[in-house]
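Data block for protein09.tsv (TSV, C-alpha atoms):
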```tsv
chain	number	residue	atom	x	y	z
A	1	MET	CA	45.74	-6.38	6.52
A	2	THR	CA	42.41	-6.83	4.77
A	3	SER	CA	39.04	-7.70	6.19
A	4	GLU	CA	36.42	-9.81	4.48
A	5	ARG	CA	33.01	-8.46	3.63
A	6	PRO	CA	30.01	-9.92	5.52
A	7	GLU	CA	28.77	-11.50	2.25
A	8	SER	CA	31.90	-13.67	2.08
A	9	LEU	CA	31.50	-14.86	5.66
A	10	PRO	CA	27.83	-15.86	5.84
A	11	ASP	CA	28.31	-18.09	8.87
A	12	THR	CA	30.12	-15.47	10.93
A	13	ARG	CA	28.18	-14.40	14.00
A	14	ALA	CA	26.55	-10.96	13.80
A	15	SER	CA	26.99	-8.37	16.51
A	16	ASP	CA	24.34	-6.14	18.11
A	17	ALA	CA	25.88	-3.17	16.31
A	18	GLU	CA	25.57	-4.91	12.93
A	19	ARG	CA	21.96	-5.85	13.60
A	20	GLU	CA	21.22	-2.23	14.48
A	21	GLN	CA	22.92	-1.02	11.26
A	22	ILE	CA	20.62	-3.26	9.22
A	23	ALA	CA	17.61	-2.04	11.21
A	24	GLU	CA	18.55	1.56	10.43
A	25	ARG	CA	18.83	0.75	6.70
A	26	LEU	CA	15.33	-0.70	6.86
A	27	ARG	CA	13.98	2.41	8.61
A	28	GLU	CA	15.52	4.60	5.92
A	29	ALA	CA	13.98	2.38	3.22
A	30	VAL	CA	10.46	2.66	4.65
A	31	ALA	CA	10.94	6.42	5.04
A	32	GLU	CA	11.76	6.63	1.32
A	33	GLY	CA	8.77	4.47	0.41
A	34	ARG	CA	10.86	1.52	-0.80
A	35	LEU	CA	9.24	-0.86	1.71
A	36	ASP	CA	5.65	-0.98	2.87
A	37	MET	CA	4.92	-1.30	6.57
A	38	GLU	CA	4.27	-5.03	6.43
A	39	GLU	CA	7.59	-5.73	4.68
A	40	PHE	CA	9.41	-3.39	7.06
A	41	GLU	CA	8.05	-5.05	10.19
A	42	GLU	CA	8.80	-8.52	8.85
A	43	ARG	CA	12.39	-7.68	7.90
A	44	LEU	CA	13.01	-5.75	11.12
A	45	ASP	CA	11.87	-8.70	13.20
A	46	THR	CA	14.17	-11.00	11.21
A	47	ALA	CA	17.08	-8.58	11.64
A	48	TYR	CA	16.85	-8.50	15.40
A	49	LYS	CA	16.59	-12.31	15.54
A	50	ALA	CA	19.47	-12.88	13.09
A	51	ARG	CA	22.51	-14.74	14.41
A	52	THR	CA	24.80	-14.60	11.39
A	53	HIS	CA	25.80	-12.28	8.57
A	54	GLY	CA	24.18	-14.69	6.13
A	55	GLU	CA	20.81	-13.94	7.70
A	56	LEU	CA	21.33	-10.17	7.69
A	57	VAL	CA	22.62	-9.55	4.16
A	58	PRO	CA	19.47	-10.67	2.24
A	59	LEU	CA	17.36	-8.20	4.23
A	60	VAL	CA	18.97	-5.21	2.48
A	61	ARG	CA	20.31	-6.77	-0.73
A	62	ASP	CA	17.50	-5.24	-2.86
A	63	LEU	CA	17.69	-1.81	-1.22
A	64	PRO	CA	19.82	0.92	-2.81
A	65	ALA	CA	21.82	3.26	-0.62
A	66	PRO	CA	19.71	5.95	1.10
A	67	GLY	CA	19.16	8.94	-1.15
A	68	THR	CA	19.93	7.04	-4.35
A	69	VAL	CA	18.37	8.70	-7.41
A	70	THR	CA	16.52	6.12	-9.48
A	71	GLY	CA	15.44	6.29	-13.10
A	72	VAL	CA	11.96	7.42	-12.06
A	73	ALA	CA	13.38	10.21	-9.92
A	74	LEU	CA	15.68	11.29	-12.74
A	75	ALA	CA	12.71	11.49	-15.09
A	76	ALA	CA	10.95	13.76	-12.61
A	77	GLN	CA	14.04	15.97	-12.24
A	78	THR	CA	14.37	16.36	-16.00
A	79	GLY	CA	10.75	17.31	-16.50
A	80	GLY	CA	9.37	13.89	-17.31
A	81	ALA	CA	6.05	12.65	-15.97
A	82	PRO	CA	6.61	9.09	-14.74
A	83	ASP	CA	3.55	6.88	-14.48
A	84	VAL	CA	3.61	5.94	-10.80
A	85	TRP	CA	0.70	3.57	-11.43
A	86	GLY	CA	2.36	1.72	-14.30
A	87	GLU	CA	3.45	-1.26	-12.20
A	88	ARG	CA	-0.05	-1.76	-10.82
A	89	ILE	CA	-2.18	-1.79	-13.98
A	90	GLY	CA	-2.51	-4.61	-16.50
A	91	ARG	CA	-0.12	-6.90	-14.63
A	92	GLY	CA	-2.32	-9.94	-14.35
A	93	PRO	CA	-5.85	-11.37	-14.20
A	94	ALA	CA	-8.32	-10.41	-11.51
A	95	THR	CA	-8.04	-12.31	-8.25
A	96	SER	CA	-11.56	-11.28	-7.20
A	97	ARG	CA	-14.58	-10.08	-9.14
A	98	GLY	CA	-17.18	-9.88	-6.42
A	99	ALA	CA	-18.22	-10.42	-2.81
A	100	PHE	CA	-21.41	-11.11	-0.88
A	101	ALA	CA	-22.24	-10.98	2.82
A	102	PHE	CA	-25.40	-11.91	4.70
A	103	TRP	CA	-25.42	-11.36	8.47
A	104	GLY	CA	-21.68	-11.11	8.42
A	105	GLY	CA	-19.02	-9.32	6.44
A	106	PHE	CA	-16.36	-9.50	3.74
A	107	GLY	CA	-13.05	-7.83	3.09
A	108	ARG	CA	-10.89	-7.21	0.05
A	109	LYS	CA	-7.66	-5.48	0.96
A	110	GLY	CA	-3.91	-5.64	0.60
A	111	ARG	CA	-2.30	-6.75	-2.67
A	112	TRP	CA	-5.22	-8.15	-4.61
A	113	THR	CA	-6.05	-7.62	-8.28
A	114	VAL	CA	-9.32	-5.91	-9.21
A	115	GLY	CA	-11.11	-6.94	-12.39
A	116	ARG	CA	-12.77	-4.62	-14.89
A	117	THR	CA	-15.97	-4.98	-12.85
A	118	PHE	CA	-16.36	-5.85	-9.20
A	119	THR	CA	-19.78	-6.41	-7.63
A	120	ALA	CA	-20.35	-6.23	-3.88
A	121	ALA	CA	-23.67	-7.00	-2.17
A	122	VAL	CA	-24.48	-6.99	1.54
A	123	PHE	CA	-27.70	-7.69	3.40
A	124	GLN	CA	-27.73	-6.82	7.07
A	125	ALA	CA	-23.98	-7.07	6.84
A	126	GLY	CA	-20.84	-5.06	6.11
A	127	GLY	CA	-18.14	-5.07	3.48
A	128	GLU	CA	-14.70	-3.49	3.09
A	129	ILE	CA	-13.07	-2.80	-0.28
A	130	ASP	CA	-9.57	-1.35	0.04
A	131	LEU	CA	-7.88	-0.24	-3.20
A	132	ARG	CA	-4.82	1.43	-1.67
A	133	GLU	CA	-2.45	-1.46	-2.38
A	134	ALA	CA	-4.51	-3.21	-5.04
A	135	ARG	CA	-3.45	-4.06	-8.58
A	136	PHE	CA	-5.79	-3.57	-11.54
A	137	ALA	CA	-6.40	-5.90	-14.46
A	138	GLU	CA	-7.36	-2.85	-16.55
A	139	ARG	CA	-7.20	0.91	-16.15
A	140	ASP	CA	-11.00	1.40	-16.23
A	141	VAL	CA	-12.80	-0.23	-13.31
A	142	VAL	CA	-16.45	-0.27	-12.25
A	143	ILE	CA	-17.27	-1.19	-8.66
A	144	ARG	CA	-20.96	-1.92	-8.12
A	145	CYS	CA	-22.11	-1.80	-4.50
A	146	PHE	CA	-25.54	-2.88	-3.25
A	147	ALA	CA	-26.26	-2.47	0.45
A	148	VAL	CA	-29.56	-3.39	2.08
A	149	MET	CA	-29.69	-2.60	5.80
A	150	GLY	CA	-25.93	-2.81	5.77
A	151	GLY	CA	-22.89	-0.96	4.53
A	152	VAL	CA	-19.95	-1.10	2.15
A	153	HIS	CA	-16.84	0.97	2.82
A	154	VAL	CA	-14.52	1.69	-0.11
A	155	THR	CA	-11.06	3.05	0.72
A	156	VAL	CA	-8.93	4.59	-2.04
A	157	PRO	CA	-5.59	6.43	-2.10
A	158	PRO	CA	-5.78	10.24	-2.18
A	159	ASP	CA	-4.40	10.44	-5.75
A	160	MET	CA	-6.79	8.01	-7.45
A	161	GLU	CA	-9.37	9.11	-10.05
A	162	VAL	CA	-12.76	8.13	-8.60
A	163	GLU	CA	-16.31	8.96	-9.67
A	164	VAL	CA	-19.27	8.12	-7.42
A	165	ARG	CA	-22.59	7.60	-9.20
A	166	GLY	CA	-24.68	5.57	-6.75
A	167	PHE	CA	-27.69	6.71	-4.72
A	168	GLY	CA	-29.20	5.96	-1.35
A	169	LEU	CA	-32.81	5.47	-0.28
A	170	MET	CA	-33.26	6.00	3.44
A	171	GLY	CA	-29.51	5.69	3.49
A	172	GLY	CA	-26.37	7.28	2.05
A	173	PHE	CA	-24.08	6.90	-0.94
A	174	GLY	CA	-21.17	9.33	-1.14
A	175	GLU	CA	-17.48	10.20	-0.98
A	176	GLU	CA	-15.30	11.96	1.57
A	177	GLY	CA	-12.29	14.14	0.76
A	178	ARG	CA	-12.99	14.61	-2.95
A	179	GLU	CA	-12.35	18.36	-2.77
A	180	GLU	CA	-8.73	17.89	-1.66
A	181	ALA	CA	-7.95	15.11	-4.15
A	182	VAL	CA	-5.12	15.59	-6.66
A	183	VAL	CA	-5.21	12.80	-9.25
A	184	ALA	CA	-1.85	11.28	-10.17
A	185	PRO	CA	-0.93	10.79	-13.85
A	186	GLY	CA	-1.88	7.33	-15.09
A	187	SER	CA	-4.23	6.60	-12.19
A	188	PRO	CA	-6.89	3.92	-12.68
A	189	ARG	CA	-10.31	5.38	-13.49
A	190	VAL	CA	-12.68	3.93	-10.91
A	191	ILE	CA	-16.46	4.35	-11.00
A	192	VAL	CA	-18.36	3.42	-7.84
A	193	THR	CA	-22.04	2.87	-8.53
A	194	GLY	CA	-25.06	1.00	-7.14
A	195	PHE	CA	-27.54	1.80	-4.37
A	196	ALA	CA	-28.03	1.66	-0.63
A	197	LEU	CA	-31.40	0.88	0.95
A	198	MET	CA	-31.61	1.68	4.64
A	199	GLY	CA	-27.85	1.39	4.63
A	200	GLY	CA	-24.80	3.13	3.23
A	201	VAL	CA	-21.96	3.02	0.76
A	202	GLY	CA	-19.05	5.32	1.49
A	203	VAL	CA	-15.86	6.15	-0.38
A	204	GLU	CA	-12.97	7.46	1.69
A	205	ARG	CA	-9.58	8.77	0.55
A	206	LYS	CA	-6.86	7.67	2.94
A	207	VAL	CA	-3.13	6.91	2.88
A	208	THR	CA	-1.82	3.51	3.95
A	209	LYS	CA	-0.27	2.80	7.32
A	210	ALA	CA	3.10	2.46	5.58
A	211	GLU	CA	2.73	5.88	3.96
A	212	ARG	CA	1.80	7.48	7.28
A	213	GLU	CA	4.89	5.91	8.83
A	214	ARG	CA	7.06	7.05	5.91
A	215	ARG	CA	5.82	10.61	6.32
A	216	ARG	CA	6.40	10.48	10.07
A	217	LEU	CA	9.97	9.25	9.63
A	218	GLU	CA	10.63	11.81	6.89
A	219	LYS	CA	9.32	14.60	9.12
A	220	LYS	CA	11.51	13.34	11.96
A	221	ARG	CA	14.54	13.24	9.66
A	222	ARG	CA	13.98	16.82	8.45
A	223	LYS	CA	13.62	17.95	12.05
A	224	GLU	CA	16.91	16.28	13.00
A	225	LEU	CA	18.70	17.91	10.06
A	226	SER	CA	17.33	21.40	10.74
```
Mind turning this structure into structure tokens?
Amino acid sequence: MTSERPESLPDTRASDAEREQIAERLREAVAEGRLDMEEFEERLDTAYKARTHGELVPLVRDLPAPGTVTGVALAAQTGGAPDVWGERIGRGPATSRGAFAFWGGFGRKGRWTVGRTFTAAVFQAGGEIDLREARFAERDVVIRCFAVMGGVHVTVPPDMEVEVRGFGLMGGFGEEGREEAVVAPGSPRVIVTGFALMGGVGVERKVTKAERERRRLEKKRRKELS
């Protein structure tokens, strides 16, 4: 007697056990870095609400089996130096080239594309520039920040090449965590310049929420296996 695969019976009702199996695949995917936290939460919510196999299957269709060795991983194992930034540089035109805030604030974060130059100016206001999930029109980027009685906060991933050249007058212009930074091969080269007057411009190295969750799950998995 043979049984049909879920893909061939899309209208068949899904069980709680099957929904939980899909949820576990998604947890493994985020732990391996194949999904970011936003994608994971969206798919997980859909999985628990799914009524049929046809709703469950697409949630994991693009995910290889846990532990699968990809071409990038094979290159690393054989001594190659894969460019982990390759998919994020030169993939399209800039979606934003500047921002201004007066008595308010602005934000550039998530999957946006940074142009060769980006100019930010705030007056009695605040601005947030987050490059952790950004794409880059070119490898060399200049971010010019001007803060007057306000502040601009620039967040970058720990492995990005960043140089801070700005200065502050009755204020601050600097970077946190530079000493611990290890630049990844092929990283964009970002220069942060400008000035702060009675305000501040700060550059902070920080992992994404998805990366923190991936590390937490990976640590939990190692603990369970030990």
Surrounding residues of Phe173 in chain A excluding itself and chain neighbours under 5 positions, 7 Å, only C-alpha atoms, as a PDB file with C-alpha atoms, in the coordinates of the input:
```pdb
ATOM      1  CA  GLY A 166     -24.680   5.570  -6.750  1.00  0.00           C
ATOM      2  CA  PHE A 167     -27.690   6.710  -4.720  1.00  0.00           C
ATOM      3  CA  GLY A 168     -29.200   5.960  -1.350  1.00  0.00           C
ATOM      4  CA  ALA A 196     -28.030   1.660  -0.630  1.00  0.00           C
ATOM      5  CA  GLY A 200     -24.800   3.130   3.230  1.00  0.00           C
ATOM      6  CA  VAL A 201     -21.960   3.020   0.760  1.00  0.00           C
ATOM      7  CA  GLY A 202     -19.050   5.320   1.490  1.00  0.00           C
TER       8      GLY A 202
END
```
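Distance-wise, CA of Arg205 in chain A and CA of Asp159 in chain A end up 8.3 Å apart.
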Residue neighbourhood Gly107 in chain A, 12 Å, only C-alpha atoms, exclusion window fewer than 5 positions, as a list in words =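 Within the cut-off, the hits are Ser96, Gly98, Ala99, Phe100, Ala101, Trp112, Ala120, Ala121, Val122, Ala125, Gly126, Gly127, Glu128, Ile129, Asp130, Leu131, Val152, His153, Val154 and Thr155 of chain A.
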Write the selection just made, keeping C-alpha atoms, as a short mmCIF file (atom, residue, chain, number, x, y, z; two decimals), keeping the file's coordinate frame?
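Just written: again.cif:
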```
data_model
loop_
_atom_site.label_atom_id
_atom_site.label_comp_id
_atom_site.auth_asym_id
_atom_site.auth_seq_id
_atom_site.Cartn_x
_atom_site.Cartn_y
_atom_site.Cartn_z
CA SER A 96 -11.56 -11.28 -7.20
CA GLY A 98 -17.18 -9.88 -6.42
CA ALA A 99 -18.22 -10.42 -2.81
CA PHE A 100 -21.41 -11.11 -0.88
CA ALA A 101 -22.24 -10.98 2.82
CA TRP A 112 -5.22 -8.15 -4.61
CA ALA A 120 -20.35 -6.23 -3.88
CA ALA A 121 -23.67 -7.00 -2.17
CA VAL A 122 -24.48 -6.99 1.54
CA ALA A 125 -23.98 -7.07 6.84
CA GLY A 126 -20.84 -5.06 6.11
CA GLY A 127 -18.14 -5.07 3.48
CA GLU A 128 -14.70 -3.49 3.09
CA ILE A 129 -13.07 -2.80 -0.28
CA ASP A 130 -9.57 -1.35 0.04
CA LEU A 131 -7.88 -0.24 -3.20
CA VAL A 152 -19.95 -1.10 2.15
CA HIS A 153 -16.84 0.97 2.82
CA VAL A 154 -14.52 1.69 -0.11
CA THR A 155 -11.06 3.05 0.72
#
```
Once you count only C-alpha atoms, what closest atom pair and distance in Å to one decimal does each residue of range 128-202 of chain A within 12 Å of range 88-94 of chain A have, with rows by chain and rising residue number, as CSV?
```
residue,atom,partner,partner_atom,distance
A:Leu131,CA,A:Arg88,CA,11.0
A:Arg132,CA,A:Arg88,CA,10.8
A:Glu133,CA,A:Arg88,CA,8.8
A:Ala134,CA,A:Arg88,CA,7.4
A:Arg135,CA,A:Arg88,CA,4.7
A:Phe136,CA,A:Ile89,CA,4.7
A:Ala137,CA,A:Gly90,CA,4.6
A:Glu138,CA,A:Gly90,CA,5.2
A:Arg139,CA,A:Ile89,CA,6.1
A:Asp140,CA,A:Ile89,CA,9.6
A:Val141,CA,A:Ile89,CA,10.8
A:Gly186,CA,A:Ile89,CA,9.2
A:Ser187,CA,A:Ile89,CA,8.8
A:Pro188,CA,A:Ile89,CA,7.5
A:Arg189,CA,A:Ile89,CA,10.9
```
Tell me which protein, DNA and RNA residues are within 8 Å of Val190 in chain A, counting all atoms listed in the file, leaving out same-chain ones fewer than 2 positions away, and put them as a ChimeraX atom specification.
-> /A:140-143,160-163,188,192
Within-10 Å shell of (25.3, -13.6, 12.6) in input frame, all atoms listed in the file, as a CSV table (one decimal) with C-alpha atoms, in the coordinates of the input:
```
chain,number,residue,atom,x,y,z
A,6,PRO,CA,30.0,-9.9,5.5
A,9,LEU,CA,31.5,-14.9,5.7
A,10,PRO,CA,27.8,-15.9,5.8
A,11,ASP,CA,28.3,-18.1,8.9
A,12,THR,CA,30.1,-15.5,10.9
A,13,ARG,CA,28.2,-14.4,14.0
A,14,ALA,CA,26.6,-11.0,13.8
A,15,SER,CA,27.0,-8.4,16.5
A,16,ASP,CA,24.3,-6.1,18.1
A,18,GLU,CA,25.6,-4.9,12.9
A,19,ARG,CA,22.0,-5.8,13.6
A,47,ALA,CA,17.1,-8.6,11.6
A,49,LYS,CA,16.6,-12.3,15.5
A,50,ALA,CA,19.5,-12.9,13.1
A,51,ARG,CA,22.5,-14.7,14.4
A,52,THR,CA,24.8,-14.6,11.4
A,53,HIS,CA,25.8,-12.3,8.6
A,54,GLY,CA,24.2,-14.7,6.1
A,55,GLU,CA,20.8,-13.9,7.7
A,56,LEU,CA,21.3,-10.2,7.7
A,57,VAL,CA,22.6,-9.6,4.2
```
Residue list as a PyMOL selection string for point (-27.7, -7.1, 3.8), cut-off 7 Å, only C-alpha atoms = chain A and resi 101-103+122-125+147-150
Quick one: pull the distance between CA of Glu42 in chain A and CA of Arg97 in chain A, Å, one decimal.
-> 29.5 Å
Can you tell me, as number ranges by chain, what residues are no more than 9 Å from Glu32 in chain A when counting only C-alpha atoms, ignoring any on the same chain fewer than 3 positions away?
-> A: 27-29, 35, 66-67, 214-215, 217-218
Just-selected residues, C-alpha atoms written as a compact mmCIF listing (two decimals), in the frame of the given file:
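Output contents, as saved in part-v2.txt:
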```
# COMPACT_ATOMS: atom_id res chain seq x y z
CA ARG A 27 13.98 2.41 8.61
CA GLU A 28 15.52 4.60 5.92
CA ALA A 29 13.98 2.38 3.22
CA LEU A 35 9.24 -0.86 1.71
CA PRO A 66 19.71 5.95 1.10
CA GLY A 67 19.16 8.94 -1.15
CA ARG A 214 7.06 7.05 5.91
CA ARG A 215 5.82 10.61 6.32
CA LEU A 217 9.97 9.25 9.63
CA GLU A 218 10.63 11.81 6.89
```
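Each of A:Gln21, A:Thr208, A:Thr113, A:Thr95 was compared to Leu59 in chain A using only C-alpha atoms, and A:Gln21 turns out to be the nearest.
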Near-Asp36 in chain A list (8 Å; only C-alpha atoms; drop same-chain fewer than 4 positions) as a count of residues only | 4
With only C-alpha atoms as the basis for distance, which of A:Phe106, A:Phe118, A:Trp85, A:Tyr48 is at the shortest distance from Ala23 in chain A?
->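 The shortest atom-to-atom distance to Ala23 in chain A comes from A:Tyr48.
We find CA of Arg43 in chain A and CA of Pro158 in chain A to be spaced 27.4 Å apart.
Counting all atoms listed in the file, the residue from A:Phe146, A:Gly105, A:Gly110, A:Ala17 that sits nearest to Leu169 in chain A is A:Phe146.
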Distance criterion (only C-alpha atoms): nearest to Glu213 in chain A out of A:Leu225, A:Met37, A:Val156, A:Leu26 =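 Counting only C-alpha atoms, the residue closest to Glu213 in chain A is A:Met37.
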Written coordinates, N, CA, C and O atoms of range 187-203 of chain A as a compact mmCIF listing (two decimals), in the first residue's frame:
```txt
# COMPACT_ATOMS: atom_id res chain seq x y z
N SER A 187 33.52 43.18 1.73
CA SER A 187 32.62 44.12 2.39
C SER A 187 32.58 45.46 1.67
O SER A 187 33.56 45.90 1.09
N PRO A 188 31.42 46.14 1.70
CA PRO A 188 31.40 47.51 1.19
C PRO A 188 32.39 48.37 1.98
O PRO A 188 32.65 48.10 3.16
N ARG A 189 32.91 49.40 1.34
CA ARG A 189 33.82 50.33 2.03
C ARG A 189 33.03 51.60 2.31
O ARG A 189 32.76 52.39 1.39
N VAL A 190 32.66 51.80 3.55
CA VAL A 190 31.77 52.90 3.93
C VAL A 190 32.55 53.97 4.69
O VAL A 190 33.22 53.68 5.69
N ILE A 191 32.46 55.20 4.23
CA ILE A 191 33.05 56.34 4.92
C ILE A 191 31.92 57.19 5.49
O ILE A 191 31.00 57.58 4.77
N VAL A 192 31.97 57.42 6.79
CA VAL A 192 30.98 58.27 7.46
C VAL A 192 31.67 59.59 7.79
O VAL A 192 32.65 59.62 8.54
N THR A 193 31.17 60.67 7.23
CA THR A 193 31.80 61.97 7.41
C THR A 193 30.74 63.02 7.70
O THR A 193 29.54 62.75 7.68
N GLY A 194 31.18 64.28 7.96
CA GLY A 194 30.25 65.35 8.26
C GLY A 194 30.62 66.03 9.57
O GLY A 194 31.79 66.00 9.99
N PHE A 195 29.64 66.65 10.23
CA PHE A 195 29.91 67.29 11.51
C PHE A 195 28.66 67.33 12.37
O PHE A 195 27.53 67.23 11.88
N ALA A 196 28.90 67.48 13.67
CA ALA A 196 27.81 67.61 14.63
C ALA A 196 28.04 68.87 15.46
O ALA A 196 29.13 69.06 16.02
N LEU A 197 27.03 69.73 15.50
CA LEU A 197 27.10 70.96 16.28
C LEU A 197 26.07 70.88 17.40
O LEU A 197 24.87 70.82 17.15
N MET A 198 26.58 70.85 18.63
CA MET A 198 25.70 70.71 19.78
C MET A 198 24.78 69.50 19.61
O MET A 198 23.59 69.54 19.95
N GLY A 199 25.35 68.47 19.04
CA GLY A 199 24.60 67.24 18.79
C GLY A 199 25.57 66.09 18.66
O GLY A 199 26.70 66.15 19.14
N GLY A 200 25.15 65.02 17.99
CA GLY A 200 26.04 63.88 17.87
C GLY A 200 25.74 62.99 16.68
O GLY A 200 24.60 62.88 16.24
N VAL A 201 26.79 62.38 16.18
CA VAL A 201 26.68 61.35 15.14
C VAL A 201 27.44 60.14 15.66
O VAL A 201 28.63 60.24 15.98
N GLY A 202 26.77 59.03 15.77
CA GLY A 202 27.40 57.83 16.30
C GLY A 202 27.27 56.64 15.37
O GLY A 202 26.23 56.44 14.75
N VAL A 203 28.34 55.87 15.28
CA VAL A 203 28.36 54.65 14.47
C VAL A 203 28.48 53.47 15.43
O VAL A 203 29.41 53.42 16.25
```
